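*Asks:* I'm passing along protein_6.txt; it holds compact mmCIF, C-alpha atoms and all ligand atoms.
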# COMPACT_ATOMS: atom_id res chain seq x y z
CA MET J 145 0.00 0.00 0.00
CA ALA J 146 1.36 3.42 -0.96
CA PRO J 147 2.01 5.82 1.93
CA LYS J 148 -0.35 8.66 2.85
CA VAL J 149 1.92 11.67 2.76
CA LEU J 150 1.92 15.24 4.11
CA VAL J 151 4.51 17.67 2.71
CA THR J 152 5.08 20.94 4.61
CA GLY J 153 6.66 23.85 2.71
CA SER J 154 5.12 22.52 -0.50
CA ALA J 155 5.46 25.81 -2.34
CA GLY J 156 9.19 26.04 -1.61
CA GLN J 157 12.07 25.04 -3.87
CA ILE J 158 12.06 21.33 -2.98
CA GLY J 159 8.34 21.00 -2.22
CA ALA J 160 7.21 22.44 -5.56
CA GLU J 161 8.92 19.52 -7.30
CA LEU J 162 8.65 16.84 -4.63
CA VAL J 163 4.85 17.06 -4.38
CA PRO J 164 4.22 16.31 -8.10
CA TYR J 165 6.93 13.63 -7.99
CA LEU J 166 5.32 11.88 -5.01
CA ARG J 167 1.84 12.25 -6.49
CA GLN J 168 2.97 10.59 -9.68
CA ARG J 169 4.40 7.74 -7.64
CA TYR J 170 1.67 7.25 -5.01
CA GLY J 171 -1.44 8.92 -6.50
CA ASN J 172 -2.66 12.53 -6.37
CA ASP J 173 -5.05 12.02 -3.46
CA ARG J 174 -2.36 10.32 -1.33
CA VAL J 175 -0.11 13.40 -1.10
CA VAL J 176 -1.34 16.44 0.84
CA ALA J 177 0.49 19.68 0.02
CA ALA J 178 0.70 22.02 3.02
CA VAL J 179 1.53 25.62 2.11
CA HIS J 180 2.30 28.65 4.21
CA LYS J 181 -0.58 31.14 3.91
CA ALA J 182 -2.39 31.08 0.59
CA GLN J 183 0.76 30.86 -1.54
CA GLY J 184 1.45 27.87 -3.70
CA SER J 185 1.63 26.99 -7.32
CA PRO J 186 -1.29 25.88 -9.49
CA LEU J 187 0.57 22.58 -9.88
CA LEU J 188 -0.17 21.73 -6.26
CA LYS J 189 -3.93 21.83 -6.95
CA ALA J 190 -3.78 18.38 -8.62
CA GLY J 191 -4.32 16.95 -5.12
CA PRO J 192 -5.29 18.06 -1.61
CA VAL J 193 -3.83 21.38 -0.43
CA GLU J 194 -3.94 22.74 3.15
CA VAL J 195 -2.79 26.09 4.53
CA LEU J 196 -0.52 25.48 7.51
CA GLU J 197 1.73 27.48 9.85
CA VAL J 198 4.28 24.93 11.06
CA SER J 199 4.30 26.70 14.42
CA ASP J 200 0.61 25.75 14.87
CA SER J 201 0.75 22.22 16.23
CA SER J 202 -3.03 21.84 16.63
CA ALA J 203 -3.55 22.67 12.94
CA LEU J 204 -0.86 20.13 12.08
CA ASP J 205 -2.51 17.54 14.29
CA ARG J 206 -5.89 18.22 12.61
CA ILE J 207 -4.44 17.72 9.11
CA VAL J 208 -2.61 14.53 10.10
CA LYS J 209 -5.84 13.07 11.51
CA LYS J 210 -8.07 14.33 8.68
CA TYR J 211 -6.02 12.51 6.01
CA ALA J 212 -4.73 9.59 8.15
CA ILE J 213 -1.16 10.64 7.30
CA ASP J 214 1.55 8.02 7.83
CA THR J 215 4.55 9.88 6.38
CA ILE J 216 5.53 13.55 6.81
CA TYR J 217 8.09 15.34 4.66
CA HIS J 218 8.80 18.44 6.73
CA LEU J 219 10.41 20.89 4.29
CA ALA J 220 9.32 24.31 5.61
CA ALA J 221 12.50 26.16 6.60
CA VAL J 222 14.46 29.42 6.47
CA LEU J 223 17.71 29.11 4.44
CA SER J 224 21.22 30.30 5.25
CA ALA J 225 21.33 33.88 3.94
CA THR J 226 17.88 34.80 5.30
CA GLY J 227 18.88 33.08 8.53
CA GLU J 228 21.96 35.31 8.91
CA ASN J 229 19.82 38.40 8.33
CA ASN J 230 17.26 37.24 10.88
CA PRO J 231 18.71 34.59 13.22
CA GLN J 232 15.70 34.69 15.60
CA LEU J 233 13.30 33.94 12.75
CA ALA J 234 15.58 31.11 11.54
CA TRP J 235 15.60 29.51 14.98
CA GLN J 236 11.84 29.93 15.39
CA ILE J 237 10.81 28.52 11.99
CA ASN J 238 13.46 25.83 11.75
CA MET J 239 13.44 24.55 15.33
CA ASP J 240 9.85 25.15 16.50
CA GLY J 241 8.55 23.74 13.22
CA LEU J 242 10.66 20.59 13.49
CA ARG J 243 9.80 20.04 17.15
CA ASN J 244 6.09 20.38 16.38
CA VAL J 245 6.29 17.91 13.51
CA LEU J 246 8.20 15.36 15.58
CA GLU J 247 5.81 15.76 18.52
CA VAL J 248 2.69 15.43 16.37
CA ALA J 249 4.24 12.40 14.65
CA ARG J 250 4.96 10.83 18.03
CA THR J 251 1.58 11.54 19.61
CA ASP J 252 -0.50 10.74 16.52
CA GLY J 253 1.46 7.59 15.71
CA VAL J 254 2.85 8.79 12.35
CA PRO J 255 5.63 6.23 11.86
CA LYS J 256 7.87 8.01 9.35
CA VAL J 257 9.27 11.54 8.94
CA PHE J 258 11.68 13.08 6.43
CA TRP J 259 13.63 16.19 7.36
CA PRO J 260 16.14 18.07 5.20
CA SER J 261 19.48 18.77 6.78
CA SER J 262 22.19 20.54 4.79
CA ILE J 263 25.89 20.97 4.10
CA GLY J 264 25.30 23.98 6.38
CA VAL J 265 25.96 21.65 9.34
CA PHE J 266 29.68 21.94 8.60
CA GLY J 267 31.81 24.83 9.78
CA PRO J 268 35.28 26.14 8.94
CA ASP J 269 36.99 23.39 10.98
CA ALA J 270 35.55 20.56 8.83
CA PRO J 271 37.83 19.27 6.05
CA ARG J 272 37.41 21.50 2.98
CA ARG J 273 37.51 18.57 0.58
CA MET J 274 35.41 15.44 0.92
CA ALA J 275 34.11 16.36 4.38
CA PRO J 276 33.36 12.99 5.95
CA GLN J 277 30.06 11.87 7.47
CA ALA J 278 31.52 12.09 10.96
CA ALA J 279 33.32 15.44 10.60
CA ALA J 280 33.09 17.89 13.49
CA LEU J 281 29.88 19.91 13.20
CA ASN J 282 30.69 23.46 14.27
CA PRO J 283 28.73 25.74 11.93
CA THR J 284 29.14 29.50 12.16
CA THR J 285 25.69 30.39 10.77
CA MET J 286 22.34 30.27 12.57
CA TYR J 287 21.06 28.11 9.71
CA GLY J 288 23.83 25.61 10.41
CA VAL J 289 23.13 25.76 14.15
CA THR J 290 19.47 24.86 13.49
CA LYS J 291 20.53 22.04 11.17
CA VAL J 292 22.91 20.51 13.73
CA ALA J 293 20.36 20.90 16.54
CA GLY J 294 17.67 19.49 14.23
CA GLU J 295 19.78 16.45 13.41
CA LEU J 296 20.30 15.82 17.11
CA LEU J 297 16.56 16.21 17.76
CA CYS J 298 15.71 13.75 14.97
CA SER J 299 18.20 11.28 16.35
CA TYR J 300 16.73 11.74 19.84
CA TYR J 301 13.19 10.96 18.63
CA PHE J 302 14.50 7.85 16.92
CA LEU J 303 16.42 6.63 19.97
CA LYS J 304 13.79 7.58 22.57
CA TYR J 305 10.53 6.89 20.74
CA GLY J 306 11.51 4.69 17.79
CA LEU J 307 10.23 7.34 15.34
CA ASP J 308 11.70 6.47 11.93
CA VAL J 309 13.12 9.89 11.05
CA ARG J 310 15.30 10.01 7.94
CA CYS J 311 17.42 13.00 6.94
CA LEU J 312 19.71 14.10 4.12
CA ARG J 313 22.40 16.76 4.22
CA TYR J 314 21.44 18.36 0.91
CA PRO J 315 24.05 20.27 -1.05
CA GLY J 316 22.95 23.41 -2.94
CA LEU J 317 19.98 22.41 -5.10
CA ILE J 318 19.44 23.57 -8.67
CA SER J 319 15.91 23.39 -9.99
CA SER J 320 14.36 24.33 -13.31
CA GLU J 321 10.87 24.49 -11.79
CA ALA J 322 11.00 26.57 -8.62
CA PRO J 323 13.27 29.42 -7.56
CA PRO J 324 15.24 29.07 -4.33
CA GLY J 325 14.83 31.77 -1.70
CA GLY J 326 17.34 33.10 0.77
CA GLY J 327 20.15 30.58 0.32
CA THR J 328 23.87 31.00 -0.32
CA THR J 329 23.81 28.57 -3.25
CA ASP J 330 20.95 30.46 -4.98
CA TYR J 331 23.44 31.99 -7.43
CA ALA J 332 23.66 28.64 -9.24
CA VAL J 333 19.98 28.96 -10.21
CA GLU J 334 19.89 32.74 -10.78
CA ILE J 335 22.79 32.46 -13.22
CA PHE J 336 20.69 30.39 -15.66
CA TYR J 337 17.78 32.85 -15.70
CA ALA J 338 20.20 35.77 -16.12
CA ALA J 339 22.00 34.00 -18.99
CA LEU J 340 18.76 33.52 -20.90
CA GLU J 341 17.12 36.84 -20.05
CA LYS J 342 20.08 39.25 -20.22
CA GLY J 343 23.17 37.39 -21.39
CA ARG J 344 25.05 38.56 -18.29
CA TYR J 345 25.07 37.94 -14.53
CA ALA J 346 26.49 39.72 -11.47
CA CYS J 347 27.48 36.90 -9.12
CA PHE J 348 27.41 37.49 -5.37
CA LEU J 349 30.20 34.94 -4.75
CA ARG J 350 33.85 34.95 -5.85
CA GLU J 351 34.69 33.20 -9.12
CA ASP J 352 36.79 30.54 -7.35
CA THR J 353 34.14 29.62 -4.76
CA VAL J 354 33.55 25.88 -4.94
CA LEU J 355 30.48 24.37 -3.27
CA PRO J 356 28.75 20.98 -3.31
CA MET J 357 25.68 21.07 -5.60
CA MET J 358 23.00 18.78 -7.02
CA TYR J 359 20.40 18.95 -9.77
CA MET J 360 16.85 18.62 -8.43
CA PRO J 361 15.94 15.38 -10.30
CA ASP J 362 18.84 13.72 -8.44
CA ALA J 363 17.68 15.22 -5.12
CA LEU J 364 14.14 13.90 -5.64
CA ARG J 365 15.42 10.41 -6.43
CA ALA J 366 17.72 10.45 -3.41
CA THR J 367 14.92 11.58 -1.10
CA VAL J 368 12.45 8.93 -2.18
CA ARG J 369 15.12 6.25 -2.34
CA LEU J 370 16.09 6.96 1.27
CA MET J 371 12.44 7.04 2.39
CA GLU J 372 11.62 3.76 0.64
CA ALA J 373 14.79 1.96 1.80
CA PRO J 374 14.17 -0.96 4.17
CA ARG J 375 14.49 0.22 7.76
CA ALA J 376 17.39 -2.16 8.37
CA ASP J 377 19.44 -0.42 5.63
CA VAL J 378 19.09 3.02 7.22
CA ARG J 379 21.79 3.16 9.89
CA LEU J 380 21.73 6.91 10.41
CA HIS J 381 18.72 8.83 11.66
CA SER J 382 20.43 12.20 11.92
CA GLY J 383 21.65 13.26 8.46
CA TYR J 384 23.31 11.36 5.63
CA ASN J 385 25.94 13.26 3.64
CA LEU J 386 24.60 13.51 0.07
CA ALA J 387 26.67 14.60 -2.92
CA ALA J 388 26.65 14.81 -6.69
CA ILE J 389 28.81 17.56 -8.17
CA SER J 390 31.10 20.31 -6.89
CA PHE J 391 31.98 23.29 -9.06
CA SER J 392 33.14 26.87 -8.75
CA ALA J 393 31.08 29.88 -9.78
CA GLY J 394 33.55 30.35 -12.65
CA GLU J 395 33.11 26.75 -13.81
CA ILE J 396 29.32 26.92 -14.02
CA ALA J 397 29.60 30.27 -15.81
CA ALA J 398 31.96 28.69 -18.37
CA GLU J 399 29.62 25.72 -18.83
CA ILE J 400 26.72 28.08 -19.57
CA ALA J 401 28.85 30.26 -21.88
CA LYS J 402 29.55 27.17 -24.02
CA ARG J 403 25.81 27.01 -24.69
CA VAL J 404 24.81 30.69 -24.57
CA PRO J 405 27.26 32.55 -26.79
CA GLY J 406 28.39 35.90 -25.41
CA PHE J 407 27.29 35.16 -21.83
CA SER J 408 29.41 37.12 -19.34
CA VAL J 409 29.67 37.18 -15.54
CA THR J 410 31.05 39.73 -13.09
CA TYR J 411 31.84 38.85 -9.48
CA SER J 412 30.98 41.11 -6.53
CA PRO J 413 31.05 39.02 -3.35
CA ASP J 414 28.61 40.16 -0.65
CA SER J 415 27.86 38.87 2.87
CA ARG J 416 27.00 35.44 1.47
CA GLN J 417 30.68 34.89 0.62
CA LYS J 418 31.44 34.45 4.31
CA ILE J 419 28.79 31.73 4.57
CA ALA J 420 30.11 29.95 1.47
CA ASP J 421 33.67 30.13 2.83
CA SER J 422 32.56 28.39 6.02
CA TRP J 423 31.27 25.34 4.10
CA PRO J 424 33.27 22.50 2.54
CA MET J 425 33.92 22.44 -1.19
CA SER J 426 32.92 18.79 -1.46
CA ILE J 427 31.53 16.13 0.83
CA ASP J 428 32.01 12.39 1.07
CA ASP J 429 28.67 10.58 0.73
CA SER J 430 30.03 7.04 0.59
CA GLU J 431 27.82 5.95 3.51
CA ALA J 432 24.63 6.87 1.60
CA ARG J 433 25.99 5.06 -1.47
CA ARG J 434 26.81 1.98 0.59
CA ASP J 435 23.75 1.83 2.90
CA TRP J 436 20.88 2.50 0.48
CA GLY J 437 22.48 2.48 -2.94
CA TRP J 438 22.64 6.20 -3.73
CA ILE J 439 24.02 7.03 -7.22
CA HIS J 440 23.78 10.47 -8.84
CA GLU J 441 23.02 10.88 -12.54
CA TYR J 442 23.73 14.52 -13.38
CA ASP J 443 27.21 15.98 -13.77
CA LEU J 444 27.78 19.68 -14.45
CA ALA J 445 27.48 19.45 -18.25
CA LYS J 446 24.33 17.30 -18.21
CA MET J 447 22.68 19.52 -15.62
CA ALA J 448 23.53 22.74 -17.49
CA SER J 449 22.15 21.37 -20.78
CA ASP J 450 18.93 20.22 -19.16
CA MET J 451 18.42 23.49 -17.24
CA LEU J 452 18.92 25.63 -20.34
CA ALA J 453 16.64 23.47 -22.47
CA LYS J 454 13.85 23.52 -19.87
CA LEU J 455 14.10 27.22 -18.99
CA GLY J 456 14.49 28.12 -22.66
CA ARG J 457 11.25 26.36 -23.53
CA ARG J 458 9.42 28.00 -20.64
CA MET J 459 10.70 31.45 -21.59
CA GLY J 460 9.20 31.11 -25.03
CA GLY J 461 12.11 29.62 -26.96
CA ASP J 462 12.07 26.14 -28.40
CA GLY J 463 14.81 24.91 -26.08
CA LYS J 464 17.00 24.30 -29.09
CA THR J 465 18.48 27.78 -29.33
CA PHE J 466 21.17 26.47 -27.00
CA ASN J 467 23.61 23.85 -28.00
CA PRO J 468 23.43 21.04 -25.42
C1 LIG N 501 21.48 27.40 1.33
O1 LIG N 501 22.25 27.90 0.49
O2 LIG N 501 21.17 27.94 2.40
C2 LIG N 501 20.91 26.04 1.04
C3 LIG N 501 21.73 24.94 1.62
C4 LIG N 501 23.05 24.61 1.05
O3 LIG N 501 21.32 24.32 2.55
N1 LIG N 501 20.78 25.85 -0.37
Go through the file and emit its structure as structure tokens.
Ligand code: AKB

*Replies:*
Amino acid sequence: MAPKVLVTGSAGQIGAELVPYLRQRYGNDRVVAAVHKAQGSPLLKAGPVEVLEVSDSSALDRIVKKYAIDTIYHLAAVLSATGENNPQLAWQINMDGLRNVLEVARTDGVPKVFWPSSIGVFGPDAPRRMAPQAAALNPTTMYGVTKVAGELLCSYYFLKYGLDVRCLRYPGLISSEAPPGGGTTDYAVEIFYAALEKGRYACFLREDTVLPMMYMPDALRATVRLMEAPRADVRLHSGYNLAAISFSAGEIAAEIAKRVPGFSVTYSPDSRQKIADSWPMSIDDSEARRDWGWIHEYDLAKMASDMLAKLGRRMGGDGKTFNP
């Protein structure tokens, strides 16, 4: 029997793609999209939609009972750059929301929860290259603090209550369908829109800044693969390192320029550079690959071709103006 799923933060960067992906897999009526206020894309209307503040645990409890939910993907969160501008908000949304979800799952008997952690758990003392699963977690951003605390809370609910919480430390995610909002890795999405709309981009990170990244189709496959893995294969209930590609801002710019003739980029680092500099350039996800068979599909070239073709079509071109 397919799971009965609730996704919080459904209108966000991951949710906007995960909801249709899960609905295709499990059936439209089996995936409830929870959105903050009355936002949300028309795509979400293919199945049930609920307005939810993650800080409102009685509303959450009502939705879980109304739909007999047995799996929650709790995606609603504030990202790193917004979190540095408003640390109190980041703590409130990220921590209160997670605690409410875990508590409602425990008290309502929801057996399974997914929660997104991030490469933001690492700080400047973690190895810069291939940061291992068990690296020291000493982030210097409030976002990272909430991700480390969240991982510990998830692990606590697993150990204390047997709640099957599963988490991934996502790298920066690049999506052709939904814009990111308030992250440090957002440049890697903005750059594609700028290339197609204006032929130039002013990047807020230095040209040599290398960060771990992933194309959204890979992230969706990883998420569902982890959630569908037999319980015995999932050894970690805090956060699995997850990786696909690492590239510098200059490298992605060059990859786009191969396909969009004349594309140019200038670099004016702002406060987000400090966040990027505190994160590793690549991470070692061998435990995810070993435990539940994670394999990524998209490298930089394949991702860039696919992004440009999809965005090009949406912006009115035929997607063939660019040379994949
Ligand atoms: C961010 O930049 O804040 C996020 C992340 C890496 O978790 N994309």

*Asks:* J:Tyr314, J:Trp235, J:Tyr345, J:Tyr165: which is nearest ligand LIG 501 (chain N), counting only C-alpha atoms and all ligand atoms?

*Replies:* J:Tyr314

*Asks:* Please identify all polymer residues within 12 Å of Leu204 of chain J, counting only C-alpha atoms, omitting same-chain residues fewer than 5 positions from it, and present them as a PyMOL selection string.

*Replies:* chain J and resi 150-152+176+178-179+194-199+209-213+216+218+241-249+251-252+254

*Asks:* Quick one: residues within 6 Å of ligand LIG 501 (chain N), with only C-alpha atoms and all ligand atoms, as a ChimeraX atom specification?

*Replies:* /J:223-224,262-264,315-317,327-329

*Asks:* Those same residues - C-alpha atoms - I'd like them written as a PDB file, keeping the file's coordinate frame.

*Replies:*
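part.pdb written:
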ATOM      1  CA  LEU J 223      17.710  29.110   4.440  1.00  0.00           C
ATOM      2  CA  SER J 224      21.220  30.300   5.250  1.00  0.00           C
ATOM      3  CA  SER J 262      22.190  20.540   4.790  1.00  0.00           C
ATOM      4  CA  ILE J 263      25.890  20.970   4.100  1.00  0.00           C
ATOM      5  CA  GLY J 264      25.300  23.980   6.380  1.00  0.00           C
ATOM      6  CA  PRO J 315      24.050  20.270  -1.050  1.00  0.00           C
ATOM      7  CA  GLY J 316      22.950  23.410  -2.940  1.00  0.00           C
ATOM      8  CA  LEU J 317      19.980  22.410  -5.100  1.00  0.00           C
ATOM      9  CA  GLY J 327      20.150  30.580   0.320  1.00  0.00           C
ATOM     10  CA  THR J 328      23.870  31.000  -0.320  1.00  0.00           C
ATOM     11  CA  THR J 329      23.810  28.570  -3.250  1.00  0.00           C
TER      12      THR J 329
END

*Asks:* Do you have the atom CA of Ala388 of chain J-atom CA of Tyr359 of chain J distance handy?

*Replies:*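 Atom CA of Ala388 of chain J sits 8.1 Å away from atom CA of Tyr359 of chain J.
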
*Asks:* Which one of J:Asp200, J:Asp428, J:Glu395, J:Asp240 sits closest to Val354 of chain J if you count all atoms listed in the file?

*Replies:* J:Glu395

*Asks:* Just the residues within 12 Å of segment 430-434 of chain J, please, counting all atoms listed in the file, with nothing from its chain fewer than 6 positions along; format it as a list in words.

*Replies:*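 The contact residues come out as Met274, Ala275, Pro276, Gln277, Ala278, Arg310, Cys311, Leu312, Arg313, Tyr314, Ala366, Thr367, Arg369, Leu370, Ala373, Asp377, Val378, Arg379, Leu380, His381, Gly383, Tyr384, Asn385, Leu386, Ala387, Ala388 and His440 of chain J.
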
*Asks:* At a cut-off of 12 Å, can you tabulate as a tab-separated table every residue of segment 198-258 of chain J near segment 409-427 of chain J together with its closest atom pair and the distance in Å to one decimal, using only C-alpha atoms and ordering rows by chain then number?

*Replies:*
residue	atom	partner	partner_atom	distance
J:Leu223	CA	J:Ile419	CA	11.4
J:Ser224	CA	J:Ile419	CA	7.7
J:Ala225	CA	J:Arg416	CA	6.4
J:Thr226	CA	J:Arg416	CA	9.9
J:Gly227	CA	J:Ile419	CA	10.8
J:Glu228	CA	J:Ile419	CA	8.8
J:Asn229	CA	J:Ser415	CA	9.7

*Asks:* Given all atoms listed in the file as the basis, pick out the residue of J:Pro268, J:Tyr287, J:Glu341, J:Ala445 nearest to Pro231 of chain J.

*Replies:*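 So, comparing all the options, the nearest one is J:Tyr287.
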
*Asks:* Quote the spacing between atom CA of Ala322 of chain J and atom CA of Leu349 of chain J in Å to one decimal place.

*Replies:* 21.3 Å

*Asks:* Can you work out which one of J:Asp308, J:Val289, J:Val333, J:Val193 has the shortest atom-to-atom distance to Glu321 of chain J, counting all atoms listed in the file?

*Replies:*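 Using all atoms listed in the file, the shortest distance to Glu321 of chain J belongs to J:Val333.
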
*Asks:* Quick one: pull the distance between atom CA of Ser390 of chain J and atom CA of Asp429 of chain J, Å, one decimal.

*Replies:*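 Distance reported for this atom pair: 12.6 Å.
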
*Asks:* J:Pro324, J:Leu455, J:Asn172, J:Thr215: which is nearest Pro255 of chain J, counting all atoms listed in the file?

*Replies:*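 Closest candidate: J:Thr215.
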
*Asks:* Using all atoms listed in the file for the distances, tell me which of J:Gly394, J:Lys256, J:Leu303, J:Ala363 is nearest to Ile335 of chain J.

*Replies:*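 With all atoms listed in the file as the atom set, the closest residue is J:Gly394.
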
*Asks:* Neighbouring residues of Val163 of chain J were defined as those with any atom within 8 Å, considering only C-alpha atoms; residues of the same chain fewer than 2 positions away were excluded. Please report them as number ranges by chain.

*Replies:* J: 151, 154, 159-161, 165-167, 175, 177, 188

*Asks:* Counting only C-alpha atoms, which residues sit no farther than 10 Å from the position (21.7, 33.1, -23.3) in the file's frame? I'd like them as a list of chain:residue names.

*Replies:* J:Phe336, J:Tyr337, J:Ala338, J:Ala339, J:Leu340, J:Glu341, J:Lys342, J:Gly343, J:Arg344, J:Ile400, J:Ala401, J:Lys402, J:Arg403, J:Val404, J:Pro405, J:Gly406, J:Phe407, J:Ser408, J:Leu452, J:Gly456, J:Thr465, J:Phe466

*Asks:* To box segment 214-224 of chain J, take all atoms listed in the file, fit an axis-aligned box, add 5 Å on each side, and give centre and edge lengths in Å to one decimal, as lines of an AutoDock Vina configuration file.

*Replies:*
center_x = 11.4
center_y = 19.2
center_z = 6.1
size_x = 29.7
size_y = 32.3
size_z = 13.5

*Asks:* Could you add the missing atoms to segment 299-311 of chain J, up to N, CA, C and O atoms, and return them as an mmCIF file, in the coordinates of the input?

*Replies:*
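File rebuild01.cif, as written:
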data_model
loop_
_atom_site.group_PDB
_atom_site.id
_atom_site.type_symbol
_atom_site.label_atom_id
_atom_site.label_comp_id
_atom_site.auth_asym_id
_atom_site.auth_seq_id
_atom_site.Cartn_x
_atom_site.Cartn_y
_atom_site.Cartn_z
ATOM 1 N N SER J 299 17.561 12.467 15.809
ATOM 2 C CA SER J 299 18.200 11.280 16.350
ATOM 3 C C SER J 299 17.610 10.936 17.726
ATOM 4 O O SER J 299 17.367 9.767 18.044
ATOM 5 N N TYR J 300 17.326 11.970 18.517
ATOM 6 C CA TYR J 300 16.730 11.740 19.840
ATOM 7 C C TYR J 300 15.358 11.070 19.715
ATOM 8 O O TYR J 300 15.046 10.119 20.426
ATOM 9 N N TYR J 301 14.528 11.557 18.792
ATOM 10 C CA TYR J 301 13.190 10.960 18.630
ATOM 11 C C TYR J 301 13.285 9.527 18.125
ATOM 12 O O TYR J 301 12.437 8.687 18.447
ATOM 13 N N PHE J 302 14.312 9.230 17.362
ATOM 14 C CA PHE J 302 14.500 7.850 16.920
ATOM 15 C C PHE J 302 14.906 6.976 18.117
ATOM 16 O O PHE J 302 14.314 5.923 18.360
ATOM 17 N N LEU J 303 15.899 7.453 18.870
ATOM 18 C CA LEU J 303 16.420 6.630 19.970
ATOM 19 C C LEU J 303 15.398 6.491 21.107
ATOM 20 O O LEU J 303 15.207 5.417 21.656
ATOM 21 N N LYS J 304 14.707 7.584 21.416
ATOM 22 C CA LYS J 304 13.790 7.580 22.570
ATOM 23 C C LYS J 304 12.437 6.951 22.242
ATOM 24 O O LYS J 304 11.882 6.204 23.025
ATOM 25 N N TYR J 305 11.915 7.298 21.048
ATOM 26 C CA TYR J 305 10.530 6.890 20.740
ATOM 27 C C TYR J 305 10.440 5.922 19.567
ATOM 28 O O TYR J 305 9.333 5.512 19.197
ATOM 29 N N GLY J 306 11.550 5.613 18.944
ATOM 30 C CA GLY J 306 11.510 4.690 17.790
ATOM 31 C C GLY J 306 10.903 5.319 16.550
ATOM 32 O O GLY J 306 10.556 4.609 15.589
ATOM 33 N N LEU J 307 10.768 6.663 16.529
ATOM 34 C CA LEU J 307 10.230 7.340 15.340
ATOM 35 C C LEU J 307 11.248 7.194 14.200
ATOM 36 O O LEU J 307 12.427 7.491 14.373
ATOM 37 N N ASP J 308 10.786 6.730 13.061
ATOM 38 C CA ASP J 308 11.700 6.470 11.930
ATOM 39 C C ASP J 308 11.932 7.763 11.155
ATOM 40 O O ASP J 308 11.329 8.009 10.113
ATOM 41 N N VAL J 309 12.806 8.604 11.694
ATOM 42 C CA VAL J 309 13.120 9.890 11.050
ATOM 43 C C VAL J 309 14.312 9.663 10.130
ATOM 44 O O VAL J 309 15.301 9.057 10.534
ATOM 45 N N ARG J 310 14.209 10.161 8.908
ATOM 46 C CA ARG J 310 15.300 10.010 7.940
ATOM 47 C C ARG J 310 15.688 11.400 7.411
ATOM 48 O O ARG J 310 14.800 12.195 7.101
ATOM 49 N N CYS J 311 16.968 11.650 7.306
ATOM 50 C CA CYS J 311 17.420 13.000 6.940
ATOM 51 C C CYS J 311 18.569 12.944 5.928
ATOM 52 O O CYS J 311 19.397 12.034 5.986
#
